[in-house]
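For reference, the structure is listed below as structure tokens.
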Amino acid sequence: MCIRDRNELKIIQTKCRENYYRESGVNGLIVLEAYYGESNTIDALVQIQNTRQRDQMNAFLNQHKDKVVDITLSMRFFTINSSIKIHAEHKPDIVGFMKPPGVEVEDSLKISIRYSFRGIEFFRVFEEDKEIELP
């Protein structure tokens with residue numbers, strides 16, 4: 001995360017927690033996990049997520065930590081009234097997004113979000129330069 005100091009991090013963590021519990025209480029939009037990274041790596045990650053093999057997914061993320069970053073907190077931060085809307089802009093300029101260290105300038109990037117809405121689980125994948133709108 002692009003956080004300037006501990007106080008800023010605490011504020012973000014508190015807001016994420018509040019948003020998560022508020023959404024849980026109304027069966028709203030709950031971000032379960034979200035990742036930002038190199039397109040092919042995100043595509044492979046989505047395939048593993050679909051199998052629900054948590055050990056395999058954790059091993060994959062550990063092996064590819066230079067190509068993918070966890071942005072779950074950032075997505076929870078941007079959850080407002082059971083929705084998320086992030087404009088199509090350069091994502092590393094947004095709080096909580098950080099370009100993975102092993103990604104080259106010319107690499108294309110994607111965002112994978114697994115969330116539940118009204119008790120139903122969904123997966124969505126977005127190109128980095130596209131608007132994110134959930135649900």
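Ordering of the structure tokens sets the chain letters (A, B, ...), residue numbers begin anew at 1 in every chain, and ligands are numbered from 1 in the order given.
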(request) Within 8 Å of region 55-60 of chain A, counting only C-alpha atoms, which residues show up once you throw out same-chain ones fewer than 6 positions away? Write them as number ranges by chain, please. (result) A: 45, 48-49
Export N, CA and C atoms of the chosen residues as a PDB file, in the first residue's frame?
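File produced: out-v7.pdb:
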```pdb
ATOM      1  N   LEU A  45      -4.393 -17.327 -11.376  1.00  0.00           N
ATOM      2  CA  LEU A  45      -4.909 -17.246 -10.015  1.00  0.00           C
ATOM      3  C   LEU A  45      -6.420 -17.481  -9.992  1.00  0.00           C
ATOM      4  N   ILE A  48      -7.260 -21.081 -10.166  1.00  0.00           N
ATOM      5  CA  ILE A  48      -7.059 -21.753  -8.873  1.00  0.00           C
ATOM      6  C   ILE A  48      -8.166 -21.369  -7.899  1.00  0.00           C
ATOM      7  N   GLN A  49      -8.563 -20.107  -7.882  1.00  0.00           N
ATOM      8  CA  GLN A  49      -9.649 -19.667  -7.001  1.00  0.00           C
ATOM      9  C   GLN A  49     -10.925 -20.457  -7.282  1.00  0.00           C
TER      10      GLN A  49
END
```
(request) Would you please give, as JSON, numbers by chain, all residues of region 55-122 of chain A that DSSP assigns to alpha helix (DSSP H) based on the backbone? (result) {"A": [55, 56, 57, 58, 59, 60, 61, 62, 63, 72, 73, 74, 75, 76, 77]}
(message) Residues within 7 Å of Ile113 (chain A), please, as an NGL selection string. Count only C-alpha atoms; anything in the same chain fewer than 5 positions from it doesn't count.
(response) :A and (33-35 or 123-125)
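Taking only C-alpha atoms, the non-local environment of region 82-96 of chain A within 7 Å (same-chain residues fewer than 2 positions away omitted) comprises Met1, Cys2, Glu23, Gly28, Leu29, Ile71, Ser74, Phe78, Thr79, Ile80, Met98, Lys99, Glu128, Asp129, Lys130, Glu131, Ile132, Glu133, Leu134 and Pro135 of chain A.
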If you keep all heavy atoms, can you produce a file of those selected residues as a compact mmCIF listing (two decimals), in the first residue's frame?
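Just written: result.txt:
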```txt
# COMPACT_ATOMS: atom_id res chain seq x y z
N MET A 1 0.83 -1.18 0.00
CA MET A 1 0.00 0.00 0.00
C MET A 1 0.87 1.25 0.00
O MET A 1 1.92 1.25 0.60
CB MET A 1 -0.88 0.04 1.24
CG MET A 1 -2.03 -0.89 1.25
SD MET A 1 -3.01 -0.59 2.74
CE MET A 1 -4.59 -0.94 2.09
N CYS A 2 0.38 2.26 -0.61
CA CYS A 2 1.09 3.53 -0.61
C CYS A 2 0.58 4.36 0.56
O CYS A 2 -0.24 5.26 0.40
CB CYS A 2 0.86 4.25 -1.93
SG CYS A 2 1.41 3.34 -3.36
N GLU A 23 -21.54 -3.88 5.81
CA GLU A 23 -22.02 -4.66 4.66
C GLU A 23 -22.47 -6.06 5.09
O GLU A 23 -23.47 -6.58 4.59
CB GLU A 23 -20.96 -4.74 3.57
CG GLU A 23 -20.64 -3.42 2.91
CD GLU A 23 -21.82 -2.80 2.17
OE1 GLU A 23 -22.63 -3.55 1.58
OE2 GLU A 23 -21.93 -1.57 2.16
N GLY A 28 -24.87 -7.08 2.23
CA GLY A 28 -24.51 -6.25 1.08
C GLY A 28 -23.27 -6.77 0.37
O GLY A 28 -22.99 -7.97 0.33
N LEU A 29 -22.50 -5.83 -0.18
CA LEU A 29 -21.30 -6.16 -0.94
C LEU A 29 -20.13 -6.41 0.02
O LEU A 29 -19.71 -5.50 0.73
CB LEU A 29 -20.94 -5.01 -1.89
CG LEU A 29 -19.69 -5.22 -2.72
CD1 LEU A 29 -19.97 -6.22 -3.84
CD2 LEU A 29 -19.22 -3.91 -3.31
N ILE A 71 -5.02 -6.64 -2.72
CA ILE A 71 -5.66 -5.32 -2.59
C ILE A 71 -7.03 -5.45 -1.91
O ILE A 71 -7.90 -4.59 -2.09
CB ILE A 71 -5.77 -4.61 -3.95
CG1 ILE A 71 -6.57 -5.46 -4.94
CG2 ILE A 71 -4.40 -4.24 -4.49
CD1 ILE A 71 -7.02 -4.69 -6.17
N SER A 74 -7.94 -2.46 0.20
CA SER A 74 -8.25 -1.30 -0.63
C SER A 74 -9.68 -1.39 -1.18
O SER A 74 -10.43 -0.41 -1.16
CB SER A 74 -7.26 -1.19 -1.78
OG SER A 74 -7.50 -0.04 -2.53
N PHE A 78 -13.04 1.12 -0.43
CA PHE A 78 -13.86 1.81 -1.43
C PHE A 78 -15.31 1.32 -1.49
O PHE A 78 -16.07 1.77 -2.34
CB PHE A 78 -13.20 1.72 -2.81
CG PHE A 78 -11.96 2.54 -2.93
CD1 PHE A 78 -10.72 1.93 -2.98
CD2 PHE A 78 -12.02 3.92 -2.95
CE1 PHE A 78 -9.56 2.69 -3.08
CE2 PHE A 78 -10.87 4.68 -3.05
CZ PHE A 78 -9.63 4.07 -3.11
N THR A 79 -15.70 0.41 -0.61
CA THR A 79 -17.08 -0.07 -0.57
C THR A 79 -17.97 0.95 0.13
O THR A 79 -17.76 1.26 1.30
CB THR A 79 -17.17 -1.43 0.16
OG1 THR A 79 -16.30 -2.36 -0.47
CG2 THR A 79 -18.60 -1.96 0.12
N ILE A 80 -18.94 1.48 -0.60
CA ILE A 80 -19.87 2.48 -0.05
C ILE A 80 -21.28 2.09 -0.47
O ILE A 80 -21.56 1.93 -1.67
CB ILE A 80 -19.53 3.89 -0.58
CG1 ILE A 80 -18.11 4.28 -0.17
CG2 ILE A 80 -20.55 4.91 -0.07
CD1 ILE A 80 -17.59 5.52 -0.85
N MET A 98 -0.61 -0.91 -5.50
CA MET A 98 0.83 -0.79 -5.68
C MET A 98 1.21 -1.73 -6.81
O MET A 98 0.80 -2.89 -6.81
CB MET A 98 1.56 -1.20 -4.40
CG MET A 98 3.06 -1.14 -4.51
SD MET A 98 3.85 -1.72 -2.99
CE MET A 98 3.77 -3.49 -3.24
N LYS A 99 1.95 -1.22 -7.76
CA LYS A 99 2.38 -2.07 -8.86
C LYS A 99 3.31 -3.15 -8.30
O LYS A 99 4.26 -2.83 -7.57
CB LYS A 99 3.11 -1.24 -9.91
CG LYS A 99 3.39 -1.98 -11.17
CD LYS A 99 3.97 -1.03 -12.21
CE LYS A 99 4.09 -1.74 -13.53
NZ LYS A 99 4.56 -0.82 -14.56
N GLU A 128 -6.66 -3.26 -16.01
CA GLU A 128 -6.22 -2.14 -15.18
C GLU A 128 -6.79 -0.80 -15.62
O GLU A 128 -7.15 0.03 -14.79
CB GLU A 128 -4.69 -2.06 -15.18
CG GLU A 128 -4.21 -0.88 -14.37
CD GLU A 128 -2.77 -0.51 -14.61
OE1 GLU A 128 -2.27 -0.69 -15.73
OE2 GLU A 128 -2.14 -0.02 -13.67
N ASP A 129 -6.91 -0.58 -16.90
CA ASP A 129 -7.33 0.72 -17.41
C ASP A 129 -8.85 0.85 -17.53
O ASP A 129 -9.34 1.83 -18.08
CB ASP A 129 -6.66 1.02 -18.74
CG ASP A 129 -7.00 0.00 -19.82
OD1 ASP A 129 -7.56 -1.07 -19.50
OD2 ASP A 129 -6.71 0.28 -21.00
N LYS A 130 -9.60 -0.09 -17.00
CA LYS A 130 -11.07 -0.04 -17.08
C LYS A 130 -11.66 0.35 -15.72
O LYS A 130 -11.06 0.13 -14.67
CB LYS A 130 -11.64 -1.42 -17.48
CG LYS A 130 -11.12 -1.94 -18.79
CD LYS A 130 -11.51 -1.05 -19.95
CE LYS A 130 -11.03 -1.65 -21.24
NZ LYS A 130 -10.81 -0.69 -22.28
N GLU A 131 -12.84 0.91 -15.78
CA GLU A 131 -13.56 1.27 -14.55
C GLU A 131 -13.96 0.01 -13.79
O GLU A 131 -14.31 -1.00 -14.40
CB GLU A 131 -14.80 2.06 -14.93
CG GLU A 131 -15.63 2.50 -13.75
CD GLU A 131 -16.80 3.35 -14.18
OE1 GLU A 131 -17.82 2.78 -14.61
OE2 GLU A 131 -16.69 4.58 -14.06
N ILE A 132 -13.87 0.07 -12.47
CA ILE A 132 -14.32 -1.02 -11.62
C ILE A 132 -15.66 -0.59 -11.05
O ILE A 132 -15.76 0.46 -10.40
CB ILE A 132 -13.33 -1.29 -10.48
CG1 ILE A 132 -11.99 -1.75 -11.04
CG2 ILE A 132 -13.89 -2.33 -9.51
CD1 ILE A 132 -10.89 -1.86 -10.01
N GLU A 133 -16.68 -1.40 -11.31
CA GLU A 133 -18.00 -1.11 -10.77
C GLU A 133 -18.63 -2.41 -10.30
O GLU A 133 -18.77 -3.36 -11.06
CB GLU A 133 -18.88 -0.44 -11.81
CG GLU A 133 -20.17 0.10 -11.25
CD GLU A 133 -20.90 1.02 -12.21
OE1 GLU A 133 -20.44 1.24 -13.34
OE2 GLU A 133 -21.95 1.53 -11.80
N LEU A 134 -18.94 -2.46 -8.99
CA LEU A 134 -19.58 -3.63 -8.40
C LEU A 134 -20.79 -3.18 -7.61
O LEU A 134 -20.76 -2.10 -7.02
CB LEU A 134 -18.61 -4.34 -7.44
CG LEU A 134 -17.34 -4.92 -8.03
CD1 LEU A 134 -16.47 -5.47 -6.90
CD2 LEU A 134 -17.64 -6.00 -9.03
N PRO A 135 -21.83 -3.93 -7.45
CA PRO A 135 -21.99 -5.29 -8.02
C PRO A 135 -22.31 -5.27 -9.47
O PRO A 135 -22.58 -4.56 -10.23
CB PRO A 135 -23.12 -5.89 -7.22
CG PRO A 135 -23.92 -4.73 -6.70
CD PRO A 135 -22.94 -3.59 -6.60
```
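In this comparison, which uses only C-alpha atoms, the residue of A:Lys15, A:Leu61, A:Lys10, A:Phe97 approaching Ala44 (chain A) most closely is A:Leu61.
You can rank A:Asp107, A:Glu38, A:Glu8, A:Glu127 by their closest distance to Lys67 (chain A) using only C-alpha atoms, and at the top of that list sits A:Glu38.
Minimum atom-to-atom distance to Gly119 (chain A), evaluated using only C-alpha atoms, belongs to A:Val31 out of A:Leu73, A:Cys16, A:Val31, A:Val46.
Minimum atom-to-atom distance to Gln47 (chain A), evaluated using only C-alpha atoms, belongs to A:Ser112 out of A:Glu121, A:Asn7, A:Gly25, A:Ser112.
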(request) Kindly give the distance, in Å, that separates CA of Gln13 (chain A) and CA of Val69 (chain A), rounded to a single decimal. (result) 17.0 Å
(message) Just to confirm, what's the straight-line distance from CA of Thr14 (chain A) to CA of Leu109 (chain A) in Å (one decimal)?
(response) 28.4 Å
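Picture a line from CA of Arg22 (chain A) to CA of Tyr36 (chain A); it runs 24.7 Å.
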(request) Determine which residues of region 52-124 of chain A receive a DSSP assignment of strand (DSSP E), computed from the backbone, and state them as a PyMOL selection string. (result) chain A and resi 68-70+84-86+109-117+120-124
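For the set A:Ser24, A:Arg54, A:Arg6, A:Ile30, the residue with the smallest atom-to-atom gap to Arg76 (chain A) is A:Ile30, counting only C-alpha atoms.
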